[in-house]
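**Student:** protein-v2.cif (mmCIF, C-alpha atoms) pasted underneath:
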data_data
loop_
_atom_site.label_atom_id
_atom_site.label_comp_id
_atom_site.auth_asym_id
_atom_site.auth_seq_id
_atom_site.Cartn_x
_atom_site.Cartn_y
_atom_site.Cartn_z
CA MET K 1402 -36.08 22.79 -4.02
CA GLN K 1403 -38.29 20.12 -2.51
CA ARG K 1404 -36.21 17.46 -4.24
CA LEU K 1405 -33.00 18.77 -2.72
CA THR K 1406 -34.69 18.79 0.68
CA ASN K 1407 -35.69 15.16 0.24
CA ILE K 1408 -32.15 14.19 -0.74
CA PHE K 1409 -30.78 16.04 2.29
CA TRP K 1410 -33.07 14.33 4.80
CA LEU K 1411 -32.51 10.94 3.20
CA GLY K 1412 -28.78 11.52 3.68
CA VAL K 1413 -29.35 12.50 7.30
CA LYS K 1414 -31.22 9.21 7.74
CA GLU K 1415 -28.15 7.40 6.40
CA LEU K 1416 -25.93 9.18 8.90
CA ARG K 1417 -28.22 8.32 11.80
CA SER K 1418 -28.32 4.71 10.68
CA LEU K 1419 -24.51 4.63 10.62
CA GLN K 1420 -24.36 6.23 14.05
CA ARG K 1421 -26.46 3.43 15.52
CA ASP K 1422 -24.17 0.77 14.07
CA LYS K 1423 -21.49 0.84 16.78
CA VAL K 1424 -19.40 -1.94 15.26
CA LEU K 1425 -19.17 -0.17 11.91
CA VAL K 1426 -18.32 3.14 13.60
CA ILE K 1427 -15.49 1.50 15.59
CA PHE K 1428 -14.22 -0.16 12.42
CA LEU K 1429 -14.33 3.20 10.62
CA VAL K 1430 -12.35 4.96 13.36
CA TYR K 1431 -9.79 2.15 13.50
CA SER K 1432 -9.36 2.06 9.71
CA PHE K 1433 -8.46 5.74 9.45
CA SER K 1434 -6.23 5.90 12.51
CA LEU K 1435 -4.50 2.85 13.95
CA ALA K 1436 -4.75 0.79 10.74
CA ILE K 1437 -2.98 3.46 8.67
CA TYR K 1438 -0.35 4.00 11.36
CA THR K 1439 0.48 0.31 11.77
CA GLN K 1440 0.44 -0.40 8.04
CA ALA K 1441 2.80 2.49 7.34
CA SER K 1442 5.20 1.99 10.26
CA GLY K 1443 5.02 -1.79 10.55
CA THR K 1444 5.84 -2.72 6.97
CA SER K 1445 9.30 -2.19 5.52
CA SER K 1446 11.27 -3.65 2.64
CA ASP K 1447 14.55 -3.10 4.45
CA VAL K 1448 16.48 -5.95 6.04
CA HIS K 1449 15.89 -6.04 9.78
CA ASN K 1450 17.09 -8.56 12.39
CA ALA K 1451 17.96 -11.20 9.79
CA SER K 1452 19.51 -14.37 11.24
CA ILE K 1453 22.89 -15.31 9.78
CA GLY K 1454 25.25 -18.25 10.24
CA ILE K 1455 28.95 -18.43 9.37
CA VAL K 1456 30.83 -21.57 8.31
CA ASP K 1457 34.50 -20.62 8.76
CA GLU K 1458 36.64 -23.30 7.14
CA ASP K 1459 39.59 -20.95 6.74
CA ARG K 1460 40.10 -19.76 10.35
CA SER K 1461 42.15 -16.82 9.16
CA MET K 1462 42.28 -13.13 10.04
CA LEU K 1463 40.26 -12.24 6.92
CA SER K 1464 37.52 -14.81 7.64
CA GLY K 1465 37.33 -13.45 11.20
CA ARG K 1466 36.89 -9.94 9.85
CA LEU K 1467 34.08 -11.12 7.60
CA ALA K 1468 32.33 -12.85 10.50
CA ASN K 1469 32.49 -9.63 12.54
CA ALA K 1470 31.28 -7.35 9.73
CA PHE K 1471 27.54 -7.90 10.25
CA PHE K 1472 25.82 -5.67 12.77
CA GLU K 1473 22.40 -4.86 14.17
CA PRO K 1474 19.76 -3.81 13.32
CA GLN K 1475 20.09 -5.32 9.83
CA PHE K 1476 21.51 -8.63 11.06
CA GLN K 1477 21.55 -10.64 14.24
CA THR K 1478 24.92 -11.50 15.77
CA PRO K 1479 26.41 -14.15 13.42
CA THR K 1480 26.69 -17.69 14.76
CA LEU K 1481 29.55 -20.03 13.87
CA ILE K 1482 28.35 -23.43 12.67
CA SER K 1483 29.88 -26.39 10.88
CA ALA K 1484 29.35 -27.26 7.21
CA ASP K 1485 27.42 -30.39 8.17
CA GLU K 1486 24.81 -28.28 9.98
CA ILE K 1487 23.86 -26.03 7.06
CA ASP K 1488 21.05 -28.10 5.55
CA ALA K 1489 19.47 -29.14 8.84
CA LYS K 1490 19.49 -25.65 10.35
CA MET K 1491 18.15 -23.98 7.22
CA ASP K 1492 15.44 -26.63 6.89
CA ALA K 1493 14.45 -25.77 10.46
CA SER K 1494 14.36 -22.02 9.53
CA GLN K 1495 17.00 -21.17 12.12
CA TYR K 1496 18.96 -19.02 9.67
CA MET K 1497 17.92 -16.82 6.79
CA PHE K 1498 21.50 -16.62 5.49
CA VAL K 1499 24.49 -18.93 5.86
CA ILE K 1500 27.93 -17.88 4.56
CA ASP K 1501 30.42 -20.68 3.83
CA ILE K 1502 34.03 -19.42 3.77
CA PRO K 1503 36.22 -22.10 2.08
CA PRO K 1504 39.66 -23.29 3.25
CA LYS K 1505 42.69 -21.22 2.16
CA PHE K 1506 40.41 -18.28 1.38
CA GLU K 1507 42.77 -15.62 2.75
CA ARG K 1508 45.78 -17.19 1.00
CA SER K 1509 43.94 -17.15 -2.34
CA ILE K 1510 43.09 -13.47 -1.91
CA ILE K 1511 46.70 -12.57 -1.10
CA GLU K 1512 48.06 -14.54 -4.06
CA GLY K 1513 45.41 -13.12 -6.39
CA ARG K 1514 43.96 -16.50 -7.28
CA PRO K 1515 40.19 -16.81 -7.97
CA THR K 1516 38.18 -18.12 -5.05
CA GLU K 1517 34.52 -18.37 -4.05
CA ILE K 1518 32.33 -17.81 -0.99
CA GLN K 1519 29.08 -19.71 -0.87
CA LEU K 1520 25.99 -17.78 0.28
CA ASN K 1521 22.99 -19.94 1.20
CA ILE K 1522 19.67 -18.09 1.31
CA ASP K 1523 16.26 -19.07 2.65
CA ALA K 1524 14.27 -17.61 -0.27
CA THR K 1525 10.90 -18.24 1.38
CA ALA K 1526 11.38 -14.79 2.93
CA MET K 1527 11.36 -13.22 -0.52
CA GLY K 1528 11.63 -9.54 0.36
CA GLN K 1529 14.44 -9.72 2.89
CA ALA K 1530 16.17 -12.56 1.04
CA GLY K 1531 16.72 -10.52 -2.11
CA ILE K 1532 17.70 -7.27 -0.42
CA GLY K 1533 19.74 -9.04 2.27
CA ALA K 1534 21.79 -10.88 -0.37
CA ASN K 1535 22.79 -7.54 -1.88
CA TYR K 1536 23.75 -6.25 1.58
CA ILE K 1537 25.92 -9.31 2.27
CA VAL K 1538 27.66 -9.17 -1.12
CA SER K 1539 28.44 -5.49 -0.60
CA ILE K 1540 29.75 -6.05 2.94
CA ILE K 1541 32.00 -8.94 1.87
CA GLN K 1542 33.36 -7.01 -1.11
CA ASP K 1543 34.16 -3.99 1.07
CA GLU K 1544 35.94 -6.10 3.68
CA VAL K 1545 37.99 -7.99 1.09
CA ASN K 1546 38.87 -4.73 -0.65
CA ARG K 1547 40.06 -3.17 2.61
CA PHE K 1548 42.11 -6.28 3.38
CA LYS K 1549 43.80 -6.26 -0.02
CA ASN K 1550 44.59 -2.55 0.05
CA ARG K 1551 45.35 -2.43 3.78
CA SER K 1552 43.16 0.67 3.99
CA ASP K 1553 39.61 1.92 3.59
CA ARG K 1554 40.48 3.51 0.22
CA ASP K 1555 38.20 2.16 -2.50
CA THR K 1556 40.07 1.69 -5.78
CA SER K 1557 37.58 -0.56 -7.51
CA LEU K 1558 36.05 2.13 -9.74
CA PRO K 1559 37.61 5.12 -11.50
CA ILE K 1560 34.37 7.07 -11.10
CA LYS K 1561 32.24 8.13 -8.17
CA LEU K 1562 28.54 7.42 -8.42
CA VAL K 1563 26.44 10.11 -6.74
CA VAL K 1564 22.88 9.03 -5.92
CA ARG K 1565 20.19 11.63 -5.29
CA ARG K 1566 16.66 10.67 -4.29
CA ALA K 1567 13.92 13.01 -5.42
CA PHE K 1568 10.93 13.68 -3.14
CA ASN K 1569 12.13 11.15 -0.50
CA PRO K 1570 15.82 11.88 0.21
CA ASN K 1571 16.27 9.22 2.91
CA GLY K 1572 14.21 6.56 1.14
CA ASN K 1573 11.85 6.34 4.11
CA PRO K 1574 9.26 3.65 3.28
CA ILE K 1575 6.76 5.18 5.72
CA TRP K 1576 6.23 8.15 3.41
CA PHE K 1577 5.01 5.93 0.60
CA ALA K 1578 3.18 3.33 2.69
CA SER K 1579 1.12 5.88 4.63
CA LEU K 1580 -0.48 7.38 1.53
CA ILE K 1581 -1.15 3.97 -0.02
CA ALA K 1582 -2.76 2.85 3.25
CA LEU K 1583 -5.01 5.93 3.20
CA THR K 1584 -6.10 5.43 -0.42
CA ASN K 1585 -6.82 1.77 0.27
CA GLN K 1586 -8.98 2.65 3.28
CA VAL K 1587 -10.87 5.30 1.30
CA THR K 1588 -11.68 2.75 -1.41
CA MET K 1589 -12.60 -0.10 0.91
CA LEU K 1590 -14.62 1.81 3.51
CA THR K 1591 -16.61 3.82 0.96
CA ILE K 1592 -17.67 0.69 -0.90
CA ILE K 1593 -18.55 -1.07 2.35
CA LEU K 1594 -20.54 1.83 3.81
CA THR K 1595 -22.56 2.49 0.65
CA GLY K 1596 -23.24 -1.11 -0.33
CA ALA K 1597 -23.94 -2.29 3.23
CA ALA K 1598 -26.45 0.53 3.74
CA LEU K 1599 -28.34 -0.52 0.60
CA ILE K 1600 -28.38 -4.21 1.57
CA ARG K 1601 -29.40 -3.36 5.13
CA GLU K 1602 -32.42 -1.44 3.85
CA ARG K 1603 -33.40 -4.35 1.63
CA GLU K 1604 -33.04 -6.87 4.47
CA HIS K 1605 -34.99 -4.71 6.94
CA GLY K 1606 -37.71 -3.87 4.43
CA THR K 1607 -37.18 -0.10 4.61
CA ILE K 1608 -36.63 0.07 0.85
CA GLU K 1609 -40.36 -0.59 0.43
CA HIS K 1610 -41.11 2.39 2.67
CA LEU K 1611 -39.03 4.62 0.41
CA LEU K 1612 -40.87 3.37 -2.66
CA VAL K 1613 -44.22 4.66 -1.41
CA MET K 1614 -42.77 8.13 -0.88
CA PRO K 1615 -42.45 10.76 -3.64
CA LEU K 1616 -38.84 9.72 -4.27
CA THR K 1617 -36.98 8.58 -7.34
CA ALA K 1618 -34.08 6.19 -7.66
CA LEU K 1619 -31.82 9.19 -8.30
CA ASP K 1620 -32.89 10.78 -5.02
CA ILE K 1621 -32.10 7.63 -3.05
CA ALA K 1622 -28.75 7.15 -4.79
CA LEU K 1623 -27.65 10.77 -4.36
CA ALA K 1624 -28.57 10.66 -0.68
CA LYS K 1625 -26.32 7.67 -0.18
CA VAL K 1626 -23.55 9.30 -2.21
CA TRP K 1627 -23.37 12.56 -0.26
CA SER K 1628 -23.86 11.10 3.21
CA ASN K 1629 -21.29 8.31 2.92
CA SER K 1630 -18.88 10.55 1.03
CA LEU K 1631 -19.09 13.12 3.84
CA VAL K 1632 -18.18 10.50 6.45
CA ILE K 1633 -15.21 9.24 4.46
CA LEU K 1634 -14.05 12.77 3.61
CA LEU K 1635 -14.01 13.75 7.29
CA ALA K 1636 -12.17 10.55 8.18
CA ALA K 1637 -9.63 11.09 5.38
CA THR K 1638 -9.06 14.68 6.54
CA PHE K 1639 -8.34 13.44 10.06
CA ALA K 1640 -5.98 10.79 8.71
CA VAL K 1641 -3.99 13.31 6.65
CA LEU K 1642 -3.74 16.01 9.30
CA VAL K 1643 -3.30 13.89 12.43
CA VAL K 1644 -2.08 10.40 11.51
CA ILE K 1645 0.09 11.04 8.44
CA ARG K 1646 1.43 14.53 9.07
CA GLN K 1647 1.64 14.52 12.88
CA ALA K 1648 1.97 10.91 14.09
CA LEU K 1649 4.01 9.55 11.18
CA GLN K 1650 5.87 12.83 10.52
CA VAL K 1651 5.38 12.63 6.75
CA PRO K 1652 6.10 16.00 5.11
CA ILE K 1653 3.36 17.11 2.75
CA ALA K 1654 4.76 19.11 -0.14
CA GLY K 1655 1.49 20.08 -1.82
CA SER K 1656 -1.90 21.53 -0.95
CA ILE K 1657 -4.03 19.49 1.43
CA PRO K 1658 -7.29 21.13 0.20
CA LEU K 1659 -6.34 20.16 -3.37
CA PHE K 1660 -5.71 16.59 -2.25
CA LEU K 1661 -9.08 16.49 -0.46
CA ALA K 1662 -10.71 17.83 -3.63
CA GLY K 1663 -9.25 14.82 -5.42
CA VAL K 1664 -10.70 12.60 -2.69
CA VAL K 1665 -14.15 14.11 -3.29
CA VAL K 1666 -13.96 13.39 -7.03
CA TYR K 1667 -12.78 9.83 -6.39
CA LEU K 1668 -15.52 9.28 -3.79
CA PHE K 1669 -18.09 9.81 -6.52
CA PHE K 1670 -16.74 6.69 -8.23
CA VAL K 1671 -16.41 4.42 -5.19
CA THR K 1672 -19.88 5.32 -3.86
CA ALA K 1673 -21.31 4.44 -7.27
CA LEU K 1674 -19.37 1.17 -7.11
CA GLY K 1675 -20.85 0.49 -3.68
CA ILE K 1676 -24.38 1.10 -5.01
CA PHE K 1677 -23.65 -1.20 -7.95
CA LEU K 1678 -22.42 -4.04 -5.72
CA GLY K 1679 -25.26 -3.52 -3.25
CA THR K 1680 -27.74 -3.80 -6.12
CA ILE K 1681 -26.45 -6.98 -7.75
CA THR K 1682 -26.04 -8.83 -4.42
CA ARG K 1683 -28.89 -10.02 -2.22
CA THR K 1684 -27.14 -10.81 1.04
CA MET K 1685 -24.32 -9.31 3.07
CA ALA K 1686 -22.25 -12.47 2.57
CA GLN K 1687 -22.40 -12.14 -1.24
CA PHE K 1688 -21.53 -8.47 -0.95
CA ALA K 1689 -18.52 -9.20 1.27
CA MET K 1690 -17.14 -11.79 -1.17
CA LEU K 1691 -17.42 -9.41 -4.12
CA VAL K 1692 -15.83 -6.56 -2.15
CA ILE K 1693 -12.80 -8.73 -1.34
CA LEU K 1694 -12.27 -9.63 -5.00
CA ILE K 1695 -12.69 -6.08 -6.25
CA ILE K 1696 -10.54 -4.46 -3.56
CA ILE K 1697 -7.67 -6.85 -4.27
CA ALA K 1698 -7.90 -6.14 -8.01
CA LEU K 1699 -8.00 -2.37 -7.50
CA GLN K 1700 -5.02 -2.44 -5.14
CA MET K 1701 -2.93 -4.67 -7.39
CA LEU K 1702 -3.65 -2.85 -10.66
CA SER K 1703 -3.87 0.79 -9.61
CA GLY K 1704 -0.14 1.25 -8.98
CA GLY K 1705 -0.33 1.26 -5.20
CA THR K 1706 1.25 -2.17 -4.70
CA THR K 1707 3.38 -2.35 -7.85
CA PRO K 1708 4.24 0.46 -10.30
CA VAL K 1709 2.02 0.61 -13.37
CA ASP K 1710 5.11 0.80 -15.59
CA SER K 1711 6.21 -2.67 -14.43
CA GLN K 1712 2.96 -4.25 -15.59
CA PRO K 1713 2.53 -5.77 -19.09
CA ALA K 1714 1.70 -3.26 -21.82
CA TRP K 1715 -1.77 -4.71 -22.43
CA LEU K 1716 -2.55 -4.57 -18.72
CA GLN K 1717 -1.45 -0.94 -18.51
CA THR K 1718 -4.04 -0.16 -21.18
CA VAL K 1719 -6.70 -1.87 -19.07
CA THR K 1720 -5.71 -0.05 -15.88
CA PHE K 1721 -6.07 3.29 -17.65
CA PHE K 1722 -9.83 2.81 -17.27
CA LEU K 1723 -9.55 2.36 -13.49
CA PRO K 1724 -10.23 5.62 -11.63
CA SER K 1725 -8.20 4.28 -8.70
CA ARG K 1726 -5.05 4.41 -10.83
CA HIS K 1727 -5.56 8.07 -11.64
CA PHE K 1728 -6.46 8.88 -8.04
CA ILE K 1729 -3.21 7.36 -6.74
CA GLU K 1730 -1.22 9.25 -9.37
CA VAL K 1731 -2.93 12.50 -8.34
CA SER K 1732 -2.38 11.79 -4.64
CA GLN K 1733 1.33 11.07 -5.06
CA ALA K 1734 1.81 14.12 -7.30
CA ILE K 1735 0.18 16.46 -4.77
CA ILE K 1736 1.50 15.01 -1.52
CA TYR K 1737 5.07 14.18 -2.58
CA ARG K 1738 5.86 16.44 -5.54
CA GLY K 1739 3.82 19.48 -4.57
CA ALA K 1740 1.91 19.51 -7.86
CA GLY K 1741 -0.69 22.22 -8.37
CA PHE K 1742 -4.06 22.10 -10.07
CA ASP K 1743 -2.45 23.04 -13.40
CA LEU K 1744 -0.61 19.69 -13.39
CA VAL K 1745 -3.36 17.39 -12.14
CA TRP K 1746 -6.52 18.83 -13.68
CA GLN K 1747 -6.48 16.29 -16.52
CA SER K 1748 -6.43 13.41 -14.02
CA PHE K 1749 -9.22 15.13 -12.07
CA LEU K 1750 -11.28 15.35 -15.24
CA THR K 1751 -10.55 11.72 -16.19
CA VAL K 1752 -11.66 10.43 -12.78
CA ALA K 1753 -14.77 12.64 -12.85
CA LEU K 1754 -15.85 11.44 -16.30
CA MET K 1755 -15.27 7.78 -15.42
CA ALA K 1756 -17.10 8.22 -12.13
CA PHE K 1757 -20.06 9.91 -13.83
CA GLY K 1758 -20.32 7.14 -16.43
CA PHE K 1759 -20.18 4.42 -13.80
CA PHE K 1760 -22.71 6.28 -11.65
CA ILE K 1761 -25.17 6.39 -14.54
CA ALA K 1762 -24.76 2.66 -15.11
CA ALA K 1763 -25.20 1.91 -11.38
CA LEU K 1764 -28.24 4.19 -11.25
CA LEU K 1765 -29.91 2.43 -14.18
CA LEU K 1766 -29.33 -0.94 -12.56
CA PHE K 1767 -30.55 0.38 -9.20
CA ARG K 1768 -33.69 1.83 -10.81
CA ARG K 1769 -34.41 -1.49 -12.52
CA SER K 1770 -33.92 -3.30 -9.22
CA ILE K 1771 -36.38 -0.97 -7.47
CA ALA K 1772 -38.93 -1.37 -10.26
CA ALA K 1773 -38.74 -5.16 -9.90
CA SER K 1774 -39.25 -4.99 -6.10
#
Take the structure from the file and write it as C-alpha cells.
**Tutor:**
Amino acid sequence: MQRLTNIFWLGVKELRSLQRDKVLVIFLVYSFSLAIYTQASGTSSDVHNASIGIVDEDRSMLSGRLANAFFEPQFQTPTLISADEIDAKMDASQYMFVIDIPPKFERSIIEGRPTEIQLNIDATAMGQAGIGANYIVSIIQDEVNRFKNRSDRDTSLPIKLVVRRAFNPNGNPIWFASLIALTNQVTMLTIILTGAALIREREHGTIEHLLVMPLTALDIALAKVWSNSLVILLAATFAVLVVIRQALQVPIAGSIPLFLAGVVVYLFFVTALGIFLGTITRTMAQFAMLVILIIIALQMLSGGTTPVDSQPAWLQTVTFFLPSRHFIEVSQAIIYRGAGFDLVWQSFLTVALMAFGFFIAALLLFRRSIAAS
C-alpha cells in the first residue's frame, strides 16, 4: 500500500512540474486542438485551384469547347498562350498544366483520323500533377465524345461501372486525416512529455533526491507512466469529442470508450519509449534529435502515411513488431468500421504484450542508469 502511495505522489509531482512549464502546456493544448484541425482540413489530395494554359492551334468550335470545359474550384480560368511560350512559362512555374491542341484537330475527329493532344505537366507538384492529369484526360474525352455523338449520351462502354465507397461514401479526406493527426500527436507528445521529464530531473539534479528516498526504479518509472498517460488520455478524449466529432464533423461509427481503451494500451508503449530515450540521452538536444528520427520512422511504417500493404513484403514483416501499426489498425477499425471488442481484442493483446516487453527493457536500462549515477 505504501508503495502505491509513493507512486501516486510521484505522479502528482510530475503533473505539477508539467503545470509550471507554460510553454509545454501551450504546445500540448495546440497539438490536440488547432494542430489536428489544420492538419485534417488543410491537407487534401484533390486538385484545387490548379493553373492551366491552353495552346489553341486549331481555333475551331471543338477546341473552344475544350478550353471552356475547366472550372473552379479544381482549375483556375484557363489562359490562352502561344506554343512558343510553353517552356518559358512552365519554367517560371506560371502553369501547372498546359494543353496543346494541334491544327486541324476538329477535322481529324470528324473524319475519324487518329490525332493527339499534348498535355504538359509540372510534375514538381507530384500530388496534384498525377490526379490533375487524370481529371484533364477525363474532361477532354467527355467533351470529344459529346462532340462526336452530338449529345451527352456515353456510348464508349457497353457496361456501367457502379462505384461504392465503404465507410467513407463521399471520399472525404478529412475523415482519414483527422484520425491520423490524432494518433501522430499521441505518439509524439507522449514521448516528449515522458522523456523530457526524465532529462529535466537529471539536469536539475532532482534525480539524486529521489535516489535517497525509499523508492525503486520501478516506482519512478510507473509514476511517469501513469501521470503522463493521464495527461495525453484527457487531451485525446478532448480531441475526439470536440475537434474530430464536433469541429470537423467526422462521424464515429464505433465506441469511443473502446477507442480510448486502445489509447491507454498504446500509451503504455510510448511512455516506455519515452523513458528509454530519456535514459540513453544526456541532453535535451540529443533527445530532440532522436525523437525526430523515431517519429518519422513510426509515421512512415505504421500505415498512417502509406498503407502497409503497399510496402515491400520484408518491410511488412518488420512493421508487424511496431505497436504503432497495430494501434492505427485498431483505431481505424473502431472509428470508421464500428468494430467491437470481439474483432480487435487480438490487436489489443499484441500491443499490450509488445508494450510490456519494451517497458521491461526500458526499466532495466533505467535501473542501470540510476545505479551508475
**Student:** List as a PyMOL selection string the residues having at least one atom at most 12 Å from position (-33.1, 12.5, 4.5) as given in the file, counting all atoms listed in the file.
**Tutor:** chain K and resi 1403-1418+1611+1614+1616+1620-1625+1627-1628
**Student:** Please report the interatomic distance between atom CA of Lys1490 of chain K and atom CA of Asp1457 of chain K in Å with one decimal.
**Tutor:**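 A separation of 15.9 Å between them.
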**Student:** Go through K:Ser1748, K:Val1644, K:Ile1681, K:Ile1693 one by one, measure the shortest atom-to-atom distance of each to Ala1436 of chain K using all atoms listed in the file, and give the residue with the smallest value.
**Tutor:**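 Under the stated criterion, the closest residue is K:Val1644.
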**Student:** Could you list the residues chosen by the PyMOL selection byres ((chain K and resi 1504) around 12) in this structure as a PyMOL selection string?
**Tutor:** chain K and resi 1456-1461+1463-1464+1484+1501-1503+1505-1510+1516-1519
**Student:** Grab the atom CA of Ala1524 of chain K to atom CA of Ile1537 of chain K distance for me, in Å with one decimal place.
**Tutor:**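 Calculated distance between atom CA of Ala1524 of chain K and atom CA of Ile1537 of chain K is 14.5 Å.
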**Student:** Using only C-alpha atoms, which residue out of K:Val1545, K:Val1538, K:Ile1736, K:Ala1470 lies closest to Ile1511 of chain K?
**Tutor:**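 Comparing K:Val1545, K:Val1538, K:Ile1736, K:Ala1470 against Ile1511 of chain K, the winner is K:Val1545.
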